[in-house]
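Working notes, structure below.
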Amino acid sequence: MTKQFHDVVLSDEALAQLFNEARSYNGWLDRPISDQQLEAIWDLAKMAPTSANMQPVRIVWVKSPERKEKLAECVMEGNKAKVLAAPVTAVIGYDIDFHEELPWLFPHTDAKSWFEGDEVGRQEGAFRNSTLQGAYLMLAARALGLDCGPMSGFDPDAVTAAFLADEPRHRVNFICSIGYGDPDSVFERSPRPDFDRFNRIV
Ligand SMILES: Cc1cc2nc3c(=O)[nH]c(=O)nc-3n(C[C@H](O)[C@H](O)[C@H](O)COP(=O)(O)O)c2cc1C
């Protein structure tokens, strides 16, 4: 029996934690994150939808001081201190050959054959769905009482060479620090558009 949640709205407190009061952090409290917390983030994020359950995201969690130093070398000047201070930064990549896993991830049909010989389609699908998975990951982290600092200011070739070299079919999408955010490190909240500004109901 599929459990349903029709008409169940999360509390204002939960909505604040996930959306209305959650911020992007630029600095971090000196409080570690356990490997179990990273697994808990994954165990929530993986449940959210991707096309044909393709699950193309591949994540390298950068936690050791040596690897943080390496990652800091690959990011824009303004992001270096953030990466060094964060307890962990996730390199959110994707596998261009995700279709090899489809026989077990989407077992009720031969979805692997849809993507064979179509690298352009695989790139598009992997990028779209790994971006979604990166967003799910941020919301999962917030749901577990953690904070995020997403970043696209880095050299993708340098990150790929440093963190994905042993997986030649993996590419980087964005990176995201996770930890307990320092409240003094957030910028003033930028404006958000009202519904009418960027939406149309047709
Ligand atoms: C994909 C992505 C890339 C980002 N890249 C950077 C970055 O390189 N450096 C940075 O300081 N902030 C970066 N940000 C943070 C955004 O500026 C921030 O999330 C946005 O202004 C909203 O801030 P708020 O969540 O505190 O309201 C990035 C955010 C996202 C989602």
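Lettering and numbering for the structure tokens are positional, with chains as A, B, ... in the shown order, residues counted from 1 in each chain, and ligands counted from 1 in the shown order.
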- Message: Any residue with an atom at most 7 Å from ligand 1 counts, using only C-alpha atoms and all ligand atoms. Which are they? Put them as number ranges by chain.
- Response: A: 22-26, 78-79, 149-154, 174, 186-187, 189-190
Could you save those same residues with N, CA and C atoms as a PDB file, in the first residue's frame?
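Saved as result.pdb:
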ATOM      1  N   ALA A  22      16.303  29.071   5.848  1.00  0.00           N
ATOM      2  CA  ALA A  22      17.585  28.427   5.498  1.00  0.00           C
ATOM      3  C   ALA A  22      18.397  29.377   4.628  1.00  0.00           C
ATOM      4  N   ARG A  23      19.705  29.389   4.834  1.00  0.00           N
ATOM      5  CA  ARG A  23      20.579  30.294   4.101  1.00  0.00           C
ATOM      6  C   ARG A  23      21.730  29.538   3.464  1.00  0.00           C
ATOM      7  N   SER A  24      22.404  30.191   2.524  1.00  0.00           N
ATOM      8  CA  SER A  24      23.650  29.671   1.962  1.00  0.00           C
ATOM      9  C   SER A  24      24.788  30.229   2.802  1.00  0.00           C
ATOM     10  N   TYR A  25      25.621  29.356   3.330  1.00  0.00           N
ATOM     11  CA  TYR A  25      26.650  29.795   4.284  1.00  0.00           C
ATOM     12  C   TYR A  25      28.017  29.959   3.628  1.00  0.00           C
ATOM     13  N   ASN A  26      28.727  30.981   4.125  1.00  0.00           N
ATOM     14  CA  ASN A  26      30.074  31.275   3.622  1.00  0.00           C
ATOM     15  C   ASN A  26      31.148  30.986   4.665  1.00  0.00           C
ATOM     16  N   GLY A  78      37.759  33.655  -3.956  1.00  0.00           N
ATOM     17  CA  GLY A  78      36.748  33.947  -2.937  1.00  0.00           C
ATOM     18  C   GLY A  78      36.167  32.709  -2.279  1.00  0.00           C
ATOM     19  N   ASN A  79      36.396  31.556  -2.859  1.00  0.00           N
ATOM     20  CA  ASN A  79      35.846  30.316  -2.294  1.00  0.00           C
ATOM     21  C   ASN A  79      36.883  29.508  -1.502  1.00  0.00           C
ATOM     22  N   GLY A 149      26.634  25.244   1.630  1.00  0.00           N
ATOM     23  CA  GLY A 149      27.232  26.366   0.906  1.00  0.00           C
ATOM     24  C   GLY A 149      27.587  25.895  -0.496  1.00  0.00           C
ATOM     25  N   PRO A 150      26.625  25.973  -1.436  1.00  0.00           N
ATOM     26  CA  PRO A 150      26.907  25.504  -2.797  1.00  0.00           C
ATOM     27  C   PRO A 150      27.830  26.467  -3.530  1.00  0.00           C
ATOM     28  N   MET A 151      28.647  25.929  -4.435  1.00  0.00           N
ATOM     29  CA  MET A 151      29.595  26.755  -5.205  1.00  0.00           C
ATOM     30  C   MET A 151      29.787  26.217  -6.615  1.00  0.00           C
ATOM     31  N   SER A 152      29.773  27.142  -7.578  1.00  0.00           N
ATOM     32  CA  SER A 152      30.172  26.777  -8.937  1.00  0.00           C
ATOM     33  C   SER A 152      31.432  27.526  -9.355  1.00  0.00           C
ATOM     34  N   GLY A 153      31.983  28.304  -8.444  1.00  0.00           N
ATOM     35  CA  GLY A 153      33.207  29.039  -8.740  1.00  0.00           C
ATOM     36  C   GLY A 153      34.440  28.179  -8.543  1.00  0.00           C
ATOM     37  N   PHE A 154      34.736  27.349  -9.536  1.00  0.00           N
ATOM     38  CA  PHE A 154      35.918  26.478  -9.487  1.00  0.00           C
ATOM     39  C   PHE A 154      36.318  26.121 -10.910  1.00  0.00           C
ATOM     40  N   PHE A 174      28.691  20.588  -9.568  1.00  0.00           N
ATOM     41  CA  PHE A 174      29.040  21.707  -8.686  1.00  0.00           C
ATOM     42  C   PHE A 174      29.568  21.138  -7.379  1.00  0.00           C
ATOM     43  N   VAL A 186      26.637  34.888   6.664  1.00  0.00           N
ATOM     44  CA  VAL A 186      25.662  34.996   5.563  1.00  0.00           C
ATOM     45  C   VAL A 186      25.566  36.444   5.089  1.00  0.00           C
ATOM     46  N   PHE A 187      25.346  36.600   3.784  1.00  0.00           N
ATOM     47  CA  PHE A 187      25.111  37.922   3.227  1.00  0.00           C
ATOM     48  C   PHE A 187      23.672  38.322   3.526  1.00  0.00           C
ATOM     49  N   ARG A 189      19.984  38.854   2.841  1.00  0.00           N
ATOM     50  CA  ARG A 189      19.138  38.035   1.967  1.00  0.00           C
ATOM     51  C   ARG A 189      18.829  38.782   0.673  1.00  0.00           C
ATOM     52  N   SER A 190      19.075  38.152  -0.444  1.00  0.00           N
ATOM     53  CA  SER A 190      18.760  38.783  -1.732  1.00  0.00           C
ATOM     54  C   SER A 190      17.267  38.662  -2.009  1.00  0.00           C
TER      55      SER A 190
END
- Message: Which residues are near region 167-170 of chain A? Cut-off 12 Å, only C-alpha atoms, ignore same chain within fewer than 3 positions. Put them as a PyMOL selection string.
- Response: chain A and resi 56-60+91-100+119+122-123+126-127+130+156-157+159-164+173
- Test item: residues at most 10 Å from Thr89 (chain A), only C-alpha atoms, excluding those fewer than 4 positions along its chain, as a list in words: Ile59, Val60, Trp61, Val62, Lys63, Arg67, Lys68, Leu71, Lys82, Val83, Leu84, Ala85, Cys148, Gly149, Pro150, Met151, Ile175, Cys176, Ser177, Ile178 and Gly179 of chain A
- Just the strand (DSSP E) stuff from region 108-169 of chain A, please, per backbone DSSP, written as an MDAnalysis selection string. chainID A and resid 147:151
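Per DSSP on the backbone, alpha helix (DSSP H) in region 136-197 of chain A comprises Tyr136, Leu137, Met138, Leu139, Ala140, Ala141, Arg142, Ala143, Pro156, Asp157, Ala158, Val159, Thr160, Ala161, Ala162, Phe163, Phe195, Asp196 and Arg197 of chain A.
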I need the chosen residues saved as a PDB file, in the first residue's frame, with N, CA and C atoms.
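That gives us again22.pdb:
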ATOM      1  N   TYR A 136      18.424  17.945  -4.109  1.00  0.00           N
ATOM      2  CA  TYR A 136      17.853  17.053  -3.082  1.00  0.00           C
ATOM      3  C   TYR A 136      18.828  16.913  -1.908  1.00  0.00           C
ATOM      4  N   LEU A 137      20.112  16.814  -2.245  1.00  0.00           N
ATOM      5  CA  LEU A 137      21.126  16.654  -1.202  1.00  0.00           C
ATOM      6  C   LEU A 137      21.116  17.859  -0.253  1.00  0.00           C
ATOM      7  N   MET A 138      20.994  19.047  -0.807  1.00  0.00           N
ATOM      8  CA  MET A 138      20.979  20.236   0.052  1.00  0.00           C
ATOM      9  C   MET A 138      19.753  20.236   0.954  1.00  0.00           C
ATOM     10  N   LEU A 139      18.605  19.855   0.401  1.00  0.00           N
ATOM     11  CA  LEU A 139      17.395  19.830   1.228  1.00  0.00           C
ATOM     12  C   LEU A 139      17.465  18.710   2.258  1.00  0.00           C
ATOM     13  N   ALA A 140      18.076  17.584   1.888  1.00  0.00           N
ATOM     14  CA  ALA A 140      18.254  16.494   2.857  1.00  0.00           C
ATOM     15  C   ALA A 140      19.150  16.954   4.005  1.00  0.00           C
ATOM     16  N   ALA A 141      20.239  17.644   3.668  1.00  0.00           N
ATOM     17  CA  ALA A 141      21.145  18.136   4.710  1.00  0.00           C
ATOM     18  C   ALA A 141      20.405  19.092   5.638  1.00  0.00           C
ATOM     19  N   ARG A 142      19.630  19.995   5.053  1.00  0.00           N
ATOM     20  CA  ARG A 142      18.865  20.931   5.879  1.00  0.00           C
ATOM     21  C   ARG A 142      17.850  20.198   6.750  1.00  0.00           C
ATOM     22  N   ALA A 143      17.224  19.194   6.186  1.00  0.00           N
ATOM     23  CA  ALA A 143      16.225  18.427   6.954  1.00  0.00           C
ATOM     24  C   ALA A 143      16.873  17.744   8.152  1.00  0.00           C
ATOM     25  N   PRO A 156      36.653  23.416 -13.436  1.00  0.00           N
ATOM     26  CA  PRO A 156      36.161  22.034 -13.565  1.00  0.00           C
ATOM     27  C   PRO A 156      37.242  21.048 -13.996  1.00  0.00           C
ATOM     28  N   ASP A 157      38.168  21.507 -14.848  1.00  0.00           N
ATOM     29  CA  ASP A 157      39.240  20.592 -15.279  1.00  0.00           C
ATOM     30  C   ASP A 157      40.140  20.239 -14.104  1.00  0.00           C
ATOM     31  N   ALA A 158      40.422  21.247 -13.266  1.00  0.00           N
ATOM     32  CA  ALA A 158      41.294  20.997 -12.110  1.00  0.00           C
ATOM     33  C   ALA A 158      40.596  20.064 -11.117  1.00  0.00           C
ATOM     34  N   VAL A 159      39.307  20.284 -10.864  1.00  0.00           N
ATOM     35  CA  VAL A 159      38.570  19.413  -9.929  1.00  0.00           C
ATOM     36  C   VAL A 159      38.498  17.995 -10.492  1.00  0.00           C
ATOM     37  N   THR A 160      38.248  17.900 -11.796  1.00  0.00           N
ATOM     38  CA  THR A 160      38.164  16.580 -12.419  1.00  0.00           C
ATOM     39  C   THR A 160      39.502  15.852 -12.291  1.00  0.00           C
ATOM     40  N   ALA A 161      40.596  16.564 -12.585  1.00  0.00           N
ATOM     41  CA  ALA A 161      41.917  15.929 -12.513  1.00  0.00           C
ATOM     42  C   ALA A 161      42.235  15.505 -11.079  1.00  0.00           C
ATOM     43  N   ALA A 162      41.856  16.328 -10.105  1.00  0.00           N
ATOM     44  CA  ALA A 162      42.240  16.059  -8.719  1.00  0.00           C
ATOM     45  C   ALA A 162      41.361  15.019  -8.040  1.00  0.00           C
ATOM     46  N   PHE A 163      40.067  14.953  -8.431  1.00  0.00           N
ATOM     47  CA  PHE A 163      39.142  14.110  -7.663  1.00  0.00           C
ATOM     48  C   PHE A 163      38.440  13.017  -8.469  1.00  0.00           C
ATOM     49  N   PHE A 195       5.317  35.498  -7.361  1.00  0.00           N
ATOM     50  CA  PHE A 195       4.816  34.522  -8.334  1.00  0.00           C
ATOM     51  C   PHE A 195       4.603  35.165  -9.711  1.00  0.00           C
ATOM     52  N   ASP A 196       3.961  36.326  -9.720  1.00  0.00           N
ATOM     53  CA  ASP A 196       3.581  36.927 -11.002  1.00  0.00           C
ATOM     54  C   ASP A 196       4.782  37.290 -11.870  1.00  0.00           C
ATOM     55  N   ARG A 197       5.912  37.476 -11.251  1.00  0.00           N
ATOM     56  CA  ARG A 197       7.085  37.962 -11.992  1.00  0.00           C
ATOM     57  C   ARG A 197       7.626  36.913 -12.971  1.00  0.00           C
TER      58      ARG A 197
END
- Query: Got a sec: who's within 7 Å of Leu102 (chain A), counting only C-alpha atoms, leaving out chain neighbours fewer than 2 positions off, as a list of chain:residue names?
  - Reply: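 Neighbouring residues, sequence-local ones excluded: A:Met54, A:His99, A:Glu100, A:Trp104, A:Leu105, A:Phe106, A:Ala111, A:Lys112.
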Write the residues of the preceding selection, restricted to C-alpha atoms, as an mmCIF file, in the first residue's frame.
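Final output, saved to out00.cif:
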data_model
loop_
_atom_site.group_PDB
_atom_site.id
_atom_site.type_symbol
_atom_site.label_atom_id
_atom_site.label_comp_id
_atom_site.auth_asym_id
_atom_site.auth_seq_id
_atom_site.Cartn_x
_atom_site.Cartn_y
_atom_site.Cartn_z
ATOM 1 C CA MET A 54 18.951 6.769 -13.383
ATOM 2 C CA HIS A 99 23.052 3.650 -18.180
ATOM 3 C CA GLU A 100 25.278 0.669 -17.306
ATOM 4 C CA TRP A 104 19.248 -3.026 -11.573
ATOM 5 C CA LEU A 105 18.106 0.554 -10.982
ATOM 6 C CA PHE A 106 15.139 0.346 -13.383
ATOM 7 C CA ALA A 111 16.135 1.242 -20.169
ATOM 8 C CA LYS A 112 19.848 0.741 -20.782
#
